[in-house]
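What's in input.txt: compact mmCIF, N, CA and C atoms
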```txt
# COMPACT_ATOMS: atom_id res chain seq x y z
N MET Q 1 18.21 7.48 -41.69
CA MET Q 1 16.86 8.00 -41.49
C MET Q 1 16.04 7.05 -40.62
N LYS Q 2 16.18 5.76 -40.91
CA LYS Q 2 15.45 4.75 -40.15
C LYS Q 2 15.87 4.78 -38.68
N GLN Q 3 17.17 4.97 -38.42
CA GLN Q 3 17.67 5.03 -37.06
C GLN Q 3 17.12 6.27 -36.33
N LEU Q 4 17.01 7.38 -37.06
CA LEU Q 4 16.46 8.60 -36.48
C LEU Q 4 15.00 8.40 -36.07
N MET Q 5 14.24 7.74 -36.92
CA MET Q 5 12.83 7.46 -36.61
C MET Q 5 12.71 6.56 -35.38
N ILE Q 6 13.54 5.54 -35.31
CA ILE Q 6 13.52 4.63 -34.16
C ILE Q 6 13.89 5.39 -32.89
N LEU Q 7 14.91 6.24 -32.98
CA LEU Q 7 15.32 7.04 -31.83
C LEU Q 7 14.20 7.97 -31.37
N MET Q 8 13.53 8.60 -32.32
CA MET Q 8 12.41 9.50 -31.98
C MET Q 8 11.27 8.72 -31.33
N LEU Q 9 10.96 7.55 -31.84
CA LEU Q 9 9.91 6.71 -31.26
C LEU Q 9 10.26 6.29 -29.84
N LEU Q 10 11.52 5.92 -29.63
CA LEU Q 10 11.96 5.54 -28.28
C LEU Q 10 11.88 6.72 -27.31
N MET Q 11 12.27 7.89 -27.77
CA MET Q 11 12.19 9.09 -26.92
C MET Q 11 10.73 9.39 -26.58
N PHE Q 12 9.85 9.31 -27.57
CA PHE Q 12 8.43 9.56 -27.33
C PHE Q 12 7.87 8.55 -26.34
N ALA Q 13 8.23 7.29 -26.51
CA ALA Q 13 7.75 6.24 -25.60
C ALA Q 13 8.25 6.48 -24.19
N THR Q 14 9.50 6.91 -24.04
CA THR Q 14 10.07 7.17 -22.72
C THR Q 14 9.36 8.36 -22.06
N ILE Q 15 9.13 9.42 -22.82
CA ILE Q 15 8.44 10.60 -22.29
C ILE Q 15 7.02 10.23 -21.88
N THR Q 16 6.33 9.48 -22.72
CA THR Q 16 4.97 9.06 -22.42
C THR Q 16 4.92 8.19 -21.17
N ALA Q 17 5.84 7.24 -21.06
CA ALA Q 17 5.87 6.36 -19.89
C ALA Q 17 6.17 7.14 -18.62
N THR Q 18 7.09 8.10 -18.71
CA THR Q 18 7.42 8.93 -17.54
C THR Q 18 6.22 9.76 -17.12
N ALA Q 19 5.55 10.37 -18.09
CA ALA Q 19 4.36 11.19 -17.78
C ALA Q 19 3.26 10.32 -17.17
N GLN Q 20 3.08 9.13 -17.74
CA GLN Q 20 2.05 8.23 -17.23
C GLN Q 20 2.37 7.78 -15.81
N THR Q 21 3.64 7.50 -15.53
CA THR Q 21 4.04 7.09 -14.19
C THR Q 21 3.78 8.22 -13.20
N ALA Q 22 4.14 9.46 -13.56
CA ALA Q 22 3.90 10.62 -12.69
C ALA Q 22 2.40 10.80 -12.48
N ASP Q 23 1.62 10.65 -13.54
CA ASP Q 23 0.17 10.79 -13.43
C ASP Q 23 -0.41 9.69 -12.55
N ASP Q 24 0.09 8.48 -12.70
CA ASP Q 24 -0.37 7.37 -11.86
C ASP Q 24 -0.04 7.64 -10.39
N GLU Q 25 1.14 8.17 -10.14
CA GLU Q 25 1.55 8.47 -8.77
C GLU Q 25 0.68 9.58 -8.19
N PHE Q 26 0.40 10.60 -9.00
CA PHE Q 26 -0.47 11.70 -8.55
C PHE Q 26 -1.87 11.16 -8.25
N ASN Q 27 -2.40 10.33 -9.15
CA ASN Q 27 -3.73 9.74 -8.94
C ASN Q 27 -3.77 8.91 -7.66
N ALA Q 28 -2.68 8.20 -7.38
CA ALA Q 28 -2.62 7.41 -6.15
C ALA Q 28 -2.67 8.32 -4.93
N GLU Q 29 -1.99 9.46 -5.00
CA GLU Q 29 -2.03 10.41 -3.89
C GLU Q 29 -3.42 11.03 -3.74
N VAL Q 30 -4.09 11.29 -4.85
CA VAL Q 30 -5.46 11.82 -4.79
C VAL Q 30 -6.38 10.80 -4.13
N ARG Q 31 -6.27 9.53 -4.54
CA ARG Q 31 -7.08 8.48 -3.93
C ARG Q 31 -6.80 8.37 -2.44
N LYS Q 32 -5.52 8.45 -2.08
CA LYS Q 32 -5.13 8.39 -0.67
C LYS Q 32 -5.73 9.57 0.10
N SER Q 33 -5.69 10.75 -0.50
CA SER Q 33 -6.26 11.94 0.14
C SER Q 33 -7.76 11.78 0.38
N ILE Q 34 -8.46 11.27 -0.61
CA ILE Q 34 -9.90 11.07 -0.49
C ILE Q 34 -10.20 10.04 0.60
N GLU Q 35 -9.39 8.99 0.68
CA GLU Q 35 -9.56 7.99 1.74
C GLU Q 35 -9.29 8.60 3.11
N LEU Q 36 -8.19 9.35 3.22
CA LEU Q 36 -7.84 9.96 4.51
C LEU Q 36 -8.90 10.96 4.98
N GLN Q 37 -9.57 11.58 4.02
CA GLN Q 37 -10.61 12.56 4.36
C GLN Q 37 -11.95 11.90 4.67
N HIS Q 38 -12.02 10.58 4.54
CA HIS Q 38 -13.28 9.87 4.78
C HIS Q 38 -14.40 10.60 4.04
N MET Q 39 -14.19 10.76 2.73
CA MET Q 39 -15.03 11.62 1.91
C MET Q 39 -16.52 11.35 2.07
N GLY Q 40 -16.94 10.10 2.05
CA GLY Q 40 -18.37 9.81 2.18
C GLY Q 40 -18.91 10.26 3.51
N GLU Q 41 -18.21 9.93 4.58
CA GLU Q 41 -18.65 10.31 5.93
C GLU Q 41 -18.62 11.83 6.11
N THR Q 42 -17.57 12.47 5.62
CA THR Q 42 -17.46 13.93 5.74
C THR Q 42 -18.58 14.62 4.96
N LEU Q 43 -18.86 14.13 3.76
CA LEU Q 43 -19.94 14.68 2.95
C LEU Q 43 -21.28 14.54 3.67
N GLU Q 44 -21.53 13.35 4.21
CA GLU Q 44 -22.79 13.11 4.91
C GLU Q 44 -22.91 13.96 6.17
N ASN Q 45 -21.84 14.10 6.93
CA ASN Q 45 -21.88 14.93 8.14
C ASN Q 45 -22.11 16.39 7.80
N THR Q 46 -21.48 16.86 6.73
CA THR Q 46 -21.68 18.26 6.30
C THR Q 46 -23.14 18.48 5.91
N MET Q 47 -23.69 17.57 5.12
CA MET Q 47 -25.08 17.71 4.70
C MET Q 47 -26.01 17.66 5.90
N LYS Q 48 -25.73 16.77 6.84
CA LYS Q 48 -26.59 16.64 8.01
C LYS Q 48 -26.62 17.95 8.80
N LEU Q 49 -25.47 18.55 9.02
CA LEU Q 49 -25.42 19.82 9.75
C LEU Q 49 -26.17 20.92 9.01
N GLN Q 50 -26.02 20.95 7.71
CA GLN Q 50 -26.64 22.02 6.93
C GLN Q 50 -28.13 21.80 6.68
N MET Q 51 -28.58 20.56 6.74
CA MET Q 51 -29.97 20.27 6.40
C MET Q 51 -30.90 20.12 7.60
N THR Q 52 -30.37 20.03 8.78
CA THR Q 52 -31.21 19.79 9.95
C THR Q 52 -32.32 20.83 10.07
N SER Q 53 -31.96 22.11 9.97
CA SER Q 53 -33.00 23.14 10.09
C SER Q 53 -33.93 23.14 8.89
N ALA Q 54 -33.41 22.85 7.70
CA ALA Q 54 -34.25 22.80 6.51
C ALA Q 54 -35.27 21.68 6.61
N PHE Q 55 -34.86 20.54 7.16
CA PHE Q 55 -35.78 19.41 7.31
C PHE Q 55 -36.92 19.77 8.25
N SER Q 56 -36.58 20.32 9.41
CA SER Q 56 -37.64 20.63 10.36
C SER Q 56 -38.52 21.77 9.85
N ALA Q 57 -37.95 22.72 9.13
CA ALA Q 57 -38.74 23.83 8.57
C ALA Q 57 -39.71 23.34 7.50
N ASN Q 58 -39.36 22.27 6.81
CA ASN Q 58 -40.21 21.73 5.75
C ASN Q 58 -41.03 20.54 6.23
N HIS Q 59 -41.09 20.34 7.54
CA HIS Q 59 -41.90 19.29 8.15
C HIS Q 59 -41.52 17.88 7.66
N ILE Q 60 -40.24 17.71 7.40
CA ILE Q 60 -39.73 16.38 7.05
C ILE Q 60 -39.08 15.85 8.32
N SER Q 61 -39.40 14.63 8.66
CA SER Q 61 -38.89 14.10 9.93
C SER Q 61 -37.38 13.93 9.89
N ILE Q 62 -36.75 14.25 11.00
CA ILE Q 62 -35.31 14.11 11.14
C ILE Q 62 -34.92 12.64 10.98
N GLU Q 63 -35.82 11.72 11.36
CA GLU Q 63 -35.53 10.29 11.22
C GLU Q 63 -35.28 9.91 9.76
N ASN Q 64 -35.96 10.59 8.84
CA ASN Q 64 -35.79 10.31 7.41
C ASN Q 64 -34.55 10.97 6.82
N MET Q 65 -33.95 11.91 7.57
CA MET Q 65 -32.82 12.66 7.04
C MET Q 65 -31.63 11.76 6.74
N ASP Q 66 -31.31 10.82 7.63
CA ASP Q 66 -30.16 9.95 7.39
C ASP Q 66 -30.33 9.14 6.10
N ALA Q 67 -31.51 8.59 5.89
CA ALA Q 67 -31.77 7.82 4.67
C ALA Q 67 -31.67 8.73 3.44
N PHE Q 68 -32.23 9.94 3.55
CA PHE Q 68 -32.17 10.91 2.47
C PHE Q 68 -30.72 11.24 2.12
N ILE Q 69 -29.93 11.53 3.14
CA ILE Q 69 -28.53 11.91 2.93
C ILE Q 69 -27.74 10.76 2.33
N LYS Q 70 -27.93 9.55 2.82
CA LYS Q 70 -27.22 8.39 2.26
C LYS Q 70 -27.58 8.21 0.78
N GLU Q 71 -28.86 8.39 0.48
CA GLU Q 71 -29.31 8.20 -0.90
C GLU Q 71 -28.66 9.20 -1.85
N ILE Q 72 -28.62 10.47 -1.46
CA ILE Q 72 -28.03 11.46 -2.38
C ILE Q 72 -26.51 11.45 -2.36
N SER Q 73 -25.90 11.02 -1.25
CA SER Q 73 -24.44 10.98 -1.21
C SER Q 73 -23.89 9.91 -2.14
N VAL Q 74 -24.67 8.87 -2.41
CA VAL Q 74 -24.26 7.83 -3.36
C VAL Q 74 -24.05 8.45 -4.74
N VAL Q 75 -24.88 9.40 -5.10
CA VAL Q 75 -24.77 10.08 -6.39
C VAL Q 75 -23.69 11.17 -6.34
N MET Q 76 -23.62 11.88 -5.21
CA MET Q 76 -22.70 13.01 -5.10
C MET Q 76 -21.24 12.62 -4.95
N LYS Q 77 -20.95 11.57 -4.21
CA LYS Q 77 -19.56 11.23 -3.88
C LYS Q 77 -18.69 11.01 -5.12
N PRO Q 78 -19.10 10.21 -6.10
CA PRO Q 78 -18.23 10.03 -7.28
C PRO Q 78 -18.00 11.34 -8.04
N LYS Q 79 -19.03 12.17 -8.10
CA LYS Q 79 -18.89 13.46 -8.80
C LYS Q 79 -17.97 14.39 -8.03
N LEU Q 80 -18.07 14.36 -6.71
CA LEU Q 80 -17.20 15.17 -5.87
C LEU Q 80 -15.74 14.74 -6.04
N GLU Q 81 -15.50 13.46 -6.15
CA GLU Q 81 -14.14 12.96 -6.34
C GLU Q 81 -13.55 13.47 -7.65
N VAL Q 82 -14.35 13.53 -8.70
CA VAL Q 82 -13.88 14.05 -10.00
C VAL Q 82 -13.51 15.52 -9.86
N ILE Q 83 -14.37 16.28 -9.19
CA ILE Q 83 -14.11 17.71 -9.00
C ILE Q 83 -12.88 17.92 -8.12
N LEU Q 84 -12.77 17.15 -7.04
CA LEU Q 84 -11.59 17.27 -6.17
C LEU Q 84 -10.32 16.97 -6.94
N ARG Q 85 -10.33 15.95 -7.77
CA ARG Q 85 -9.13 15.62 -8.53
C ARG Q 85 -8.71 16.80 -9.39
N LYS Q 86 -9.68 17.44 -10.03
CA LYS Q 86 -9.35 18.61 -10.87
C LYS Q 86 -8.77 19.74 -10.02
N VAL Q 87 -9.36 19.98 -8.86
CA VAL Q 87 -8.84 21.02 -7.96
C VAL Q 87 -7.41 20.68 -7.55
N TYR Q 88 -7.18 19.42 -7.20
CA TYR Q 88 -5.84 19.01 -6.81
C TYR Q 88 -4.85 19.17 -7.96
N VAL Q 89 -5.22 18.73 -9.16
CA VAL Q 89 -4.34 18.82 -10.32
C VAL Q 89 -4.02 20.29 -10.63
N ASP Q 90 -5.03 21.14 -10.53
CA ASP Q 90 -4.85 22.56 -10.88
C ASP Q 90 -4.07 23.34 -9.82
N ASN Q 91 -4.02 22.84 -8.58
CA ASN Q 91 -3.47 23.65 -7.50
C ASN Q 91 -2.34 23.02 -6.69
N PHE Q 92 -2.10 21.74 -6.86
CA PHE Q 92 -1.10 21.06 -6.06
C PHE Q 92 -0.12 20.28 -6.93
N THR Q 93 1.11 20.23 -6.47
CA THR Q 93 2.10 19.37 -7.11
C THR Q 93 2.04 18.00 -6.45
N LEU Q 94 2.73 17.05 -7.03
CA LEU Q 94 2.80 15.73 -6.42
C LEU Q 94 3.39 15.83 -5.01
N GLU Q 95 4.43 16.63 -4.85
CA GLU Q 95 5.05 16.80 -3.53
C GLU Q 95 4.06 17.44 -2.55
N ASP Q 96 3.26 18.42 -3.02
CA ASP Q 96 2.22 19.01 -2.16
C ASP Q 96 1.25 17.94 -1.67
N MET Q 97 0.82 17.09 -2.60
CA MET Q 97 -0.13 16.04 -2.25
C MET Q 97 0.47 15.09 -1.21
N LYS Q 98 1.73 14.74 -1.38
CA LYS Q 98 2.38 13.85 -0.42
C LYS Q 98 2.44 14.50 0.96
N GLN Q 99 2.78 15.79 1.00
CA GLN Q 99 2.85 16.50 2.29
C GLN Q 99 1.47 16.62 2.93
N MET Q 100 0.46 16.94 2.11
CA MET Q 100 -0.89 17.07 2.64
C MET Q 100 -1.37 15.73 3.20
N ASN Q 101 -1.12 14.66 2.48
CA ASN Q 101 -1.53 13.34 2.95
C ASN Q 101 -0.78 12.93 4.21
N ALA Q 102 0.49 13.30 4.29
CA ALA Q 102 1.26 12.99 5.50
C ALA Q 102 0.62 13.69 6.70
N PHE Q 103 0.21 14.96 6.52
CA PHE Q 103 -0.46 15.67 7.61
C PHE Q 103 -1.80 15.03 7.93
N MET Q 104 -2.60 14.74 6.91
CA MET Q 104 -3.93 14.18 7.15
C MET Q 104 -3.87 12.82 7.83
N ALA Q 105 -2.77 12.11 7.70
CA ALA Q 105 -2.63 10.81 8.33
C ALA Q 105 -2.31 10.93 9.83
N THR Q 106 -1.95 12.13 10.30
CA THR Q 106 -1.62 12.33 11.71
C THR Q 106 -2.90 12.47 12.53
N PRO Q 107 -2.83 12.31 13.84
CA PRO Q 107 -4.02 12.52 14.69
C PRO Q 107 -4.60 13.93 14.54
N VAL Q 108 -3.76 14.95 14.46
CA VAL Q 108 -4.26 16.32 14.29
C VAL Q 108 -4.93 16.47 12.92
N GLY Q 109 -4.35 15.86 11.90
CA GLY Q 109 -4.96 15.91 10.57
C GLY Q 109 -6.33 15.25 10.57
N GLN Q 110 -6.46 14.09 11.21
CA GLN Q 110 -7.75 13.40 11.29
C GLN Q 110 -8.76 14.21 12.09
N LYS Q 111 -8.29 14.86 13.16
CA LYS Q 111 -9.18 15.72 13.95
C LYS Q 111 -9.68 16.90 13.10
N THR Q 112 -8.78 17.48 12.31
CA THR Q 112 -9.15 18.58 11.42
C THR Q 112 -10.21 18.15 10.43
N ILE Q 113 -10.04 16.96 9.88
CA ILE Q 113 -11.01 16.43 8.91
C ILE Q 113 -12.37 16.21 9.57
N LYS Q 114 -12.37 15.65 10.78
CA LYS Q 114 -13.64 15.41 11.49
C LYS Q 114 -14.35 16.71 11.82
N LEU Q 115 -13.58 17.77 12.08
CA LEU Q 115 -14.19 19.06 12.43
C LEU Q 115 -14.58 19.90 11.20
N ALA Q 116 -14.12 19.52 10.03
CA ALA Q 116 -14.38 20.30 8.81
C ALA Q 116 -15.87 20.59 8.59
N PRO Q 117 -16.77 19.61 8.74
CA PRO Q 117 -18.19 19.93 8.55
C PRO Q 117 -18.69 20.98 9.55
N MET Q 118 -18.24 20.89 10.79
CA MET Q 118 -18.67 21.87 11.79
C MET Q 118 -18.12 23.26 11.47
N LEU Q 119 -16.89 23.31 10.98
CA LEU Q 119 -16.30 24.60 10.61
C LEU Q 119 -17.04 25.21 9.42
N ALA Q 120 -17.38 24.40 8.44
CA ALA Q 120 -18.14 24.90 7.29
C ALA Q 120 -19.52 25.38 7.71
N ASN Q 121 -20.14 24.63 8.62
CA ASN Q 121 -21.47 25.00 9.10
C ASN Q 121 -21.41 26.31 9.89
N ALA Q 122 -20.34 26.52 10.64
CA ALA Q 122 -20.19 27.75 11.42
C ALA Q 122 -20.19 28.95 10.48
N GLY Q 123 -19.53 28.83 9.35
CA GLY Q 123 -19.54 29.91 8.36
C GLY Q 123 -20.93 30.17 7.82
N ALA Q 124 -21.68 29.12 7.60
CA ALA Q 124 -23.06 29.28 7.11
C ALA Q 124 -23.94 29.93 8.17
N GLU Q 125 -23.72 29.58 9.43
CA GLU Q 125 -24.49 30.16 10.53
C GLU Q 125 -24.24 31.65 10.65
N VAL Q 126 -23.00 32.08 10.46
CA VAL Q 126 -22.67 33.50 10.53
C VAL Q 126 -23.49 34.28 9.49
N ALA Q 127 -23.66 33.71 8.32
CA ALA Q 127 -24.40 34.40 7.26
C ALA Q 127 -25.87 34.58 7.60
N LYS Q 128 -26.38 33.82 8.58
CA LYS Q 128 -27.79 33.95 8.99
C LYS Q 128 -27.99 35.05 10.03
N ASP Q 129 -26.91 35.55 10.62
CA ASP Q 129 -26.99 36.59 11.63
C ASP Q 129 -27.62 37.84 11.00
N PRO Q 130 -28.62 38.45 11.67
CA PRO Q 130 -29.29 39.62 11.09
C PRO Q 130 -28.34 40.77 10.72
N GLU Q 131 -27.34 41.00 11.54
CA GLU Q 131 -26.38 42.08 11.24
C GLU Q 131 -25.57 41.76 9.99
N VAL Q 132 -25.18 40.50 9.87
CA VAL Q 132 -24.41 40.09 8.69
C VAL Q 132 -25.30 40.12 7.46
N MET Q 133 -26.54 39.65 7.59
CA MET Q 133 -27.47 39.68 6.46
C MET Q 133 -27.68 41.11 5.97
N LYS Q 134 -27.83 42.03 6.90
CA LYS Q 134 -28.01 43.45 6.54
C LYS Q 134 -26.77 43.97 5.82
N ALA Q 135 -25.59 43.63 6.32
CA ALA Q 135 -24.34 44.07 5.68
C ALA Q 135 -24.24 43.51 4.26
N ILE Q 136 -24.65 42.26 4.09
CA ILE Q 136 -24.63 41.64 2.75
C ILE Q 136 -25.60 42.37 1.83
N GLN Q 137 -26.81 42.62 2.32
CA GLN Q 137 -27.81 43.33 1.51
C GLN Q 137 -27.33 44.72 1.14
N ASP Q 138 -26.75 45.44 2.10
CA ASP Q 138 -26.23 46.79 1.83
C ASP Q 138 -25.13 46.74 0.78
N ALA Q 139 -24.24 45.77 0.89
CA ALA Q 139 -23.14 45.64 -0.07
C ALA Q 139 -23.68 45.30 -1.46
N VAL Q 140 -24.68 44.42 -1.52
CA VAL Q 140 -25.28 44.07 -2.82
C VAL Q 140 -25.87 45.33 -3.46
N MET Q 141 -26.61 46.10 -2.67
CA MET Q 141 -27.24 47.31 -3.21
C MET Q 141 -26.18 48.33 -3.64
N LYS Q 142 -25.08 48.37 -2.96
CA LYS Q 142 -24.01 49.31 -3.27
C LYS Q 142 -23.33 48.95 -4.60
N TYR Q 143 -23.14 47.65 -4.84
CA TYR Q 143 -22.37 47.23 -6.00
C TYR Q 143 -23.20 46.72 -7.16
N ILE Q 144 -24.51 46.61 -6.98
CA ILE Q 144 -25.36 46.09 -8.06
C ILE Q 144 -25.46 47.16 -9.16
N ARG Q 145 -25.59 46.71 -10.36
CA ARG Q 145 -25.71 47.65 -11.49
C ARG Q 145 -27.07 47.61 -12.07
```
Here is a file; write its structure as structure tokens.
Amino acid sequence: MKQLMILMLLMFATITATAQTADDEFNAEVRKSIELQHMGETLENTMKLQMTSAFSANHISIENMDAFIKEISVVMKPKLEVILRKVYVDNFTLEDMKQMNAFMATPVGQKTIKLAPMLANAGAEVAKDPEVMKAIQDAVMKYIR
């Protein structure tokens, strides 16, 4: 009986160590992905593109925008990293993360990352188009209960 207990404890320890090693490796890939994406810079560039018109519309000087963005990105970045990790865990395998990071480390991957804020902003700009706004309003009225 004592030998069975020792064997079970050893098996549990081995399973736990293996899971922890895999989790550590996954976490390392997540950290690498966040570094490759230049998360702070990308976040700030995205906010800058999206807030430029809001700042001028609210009579806040554009000169103050950089300081404003830096101040709030300090709070947002750690929270964004937590959310990204969950998205990665829920949707990617360790092998997926390795492949994604390999791509992001290439010149084309880095170019894609630098353009991401502009691509996101382009989508937001489309939503401001009067024809698109009307289509959205019509669809809301059609499906609202």
Two-atom distance - CA of Thr106 (chain Q), atom C of Asp24 (chain Q) (Å): 22.6 Å
Distance of atom C of Ser33 (chain Q) from atom N of Lys77 (chain Q), expressed in Å to one decimal place: 14.0 Å
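Between atom C of Ile69 (chain Q) and atom N of Glu44 (chain Q) the separation is 7.0 Å.
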Residue nearest Glu81 (chain Q) among Q:Ser56, Q:Gln110, Q:Asn121, Q:Asn27 (counting only C-alpha atoms): Q:Asn27
Residue with smallest distance to Met104 (chain Q) - pool Q:Ala28, Q:Ile34, Q:Leu43, Q:Leu49, counting only C-alpha atoms: Q:Ile34
Thr52 (chain Q) surroundings by all atoms listed in the file, 8 Å radius, close-in-sequence under 6 positions cut, as a ChimeraX atom specification: /Q:46,58,62,65
Writing out the chosen residues with N, CA and C atoms as a PDB file, keeping the file's coordinate frame:
```
ATOM      1  N   THR Q  46     -21.480  16.860   6.730  1.00  0.00           N
ATOM      2  CA  THR Q  46     -21.680  18.260   6.300  1.00  0.00           C
ATOM      3  C   THR Q  46     -23.140  18.480   5.910  1.00  0.00           C
ATOM      4  N   ASN Q  58     -39.360  22.270   6.810  1.00  0.00           N
ATOM      5  CA  ASN Q  58     -40.210  21.730   5.750  1.00  0.00           C
ATOM      6  C   ASN Q  58     -41.030  20.540   6.230  1.00  0.00           C
ATOM      7  N   ILE Q  62     -36.750  14.250  11.000  1.00  0.00           N
ATOM      8  CA  ILE Q  62     -35.310  14.110  11.140  1.00  0.00           C
ATOM      9  C   ILE Q  62     -34.920  12.640  10.980  1.00  0.00           C
ATOM     10  N   MET Q  65     -33.950  11.910   7.570  1.00  0.00           N
ATOM     11  CA  MET Q  65     -32.820  12.660   7.040  1.00  0.00           C
ATOM     12  C   MET Q  65     -31.630  11.760   6.740  1.00  0.00           C
TER      13      MET Q  65
END
```
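Using only C-alpha atoms, the smallest distance between any of Q:Lys48, Q:Lys114, Q:Lys79, Q:Lys142 and Asn64 (chain Q) comes from Q:Lys48.
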Surrounding residues of Asp96 (chain Q) excluding itself and chain neighbours under 6 positions, 10 Å, only C-alpha atoms, as a list of chain:residue names: Q:Glu29, Q:Tyr88, Q:Ala102
Selection: 8 Å around Ile113 (chain Q), only N, CA and C atoms, excl. self and same-chain fewer than 2 positions, as a list in words: Leu36, Gln37, His38, Thr42, Met104, Pro107, Val108, Gly109, Gln110, Lys111, Leu115, Ala116, Pro117 and Met118 of chain Q
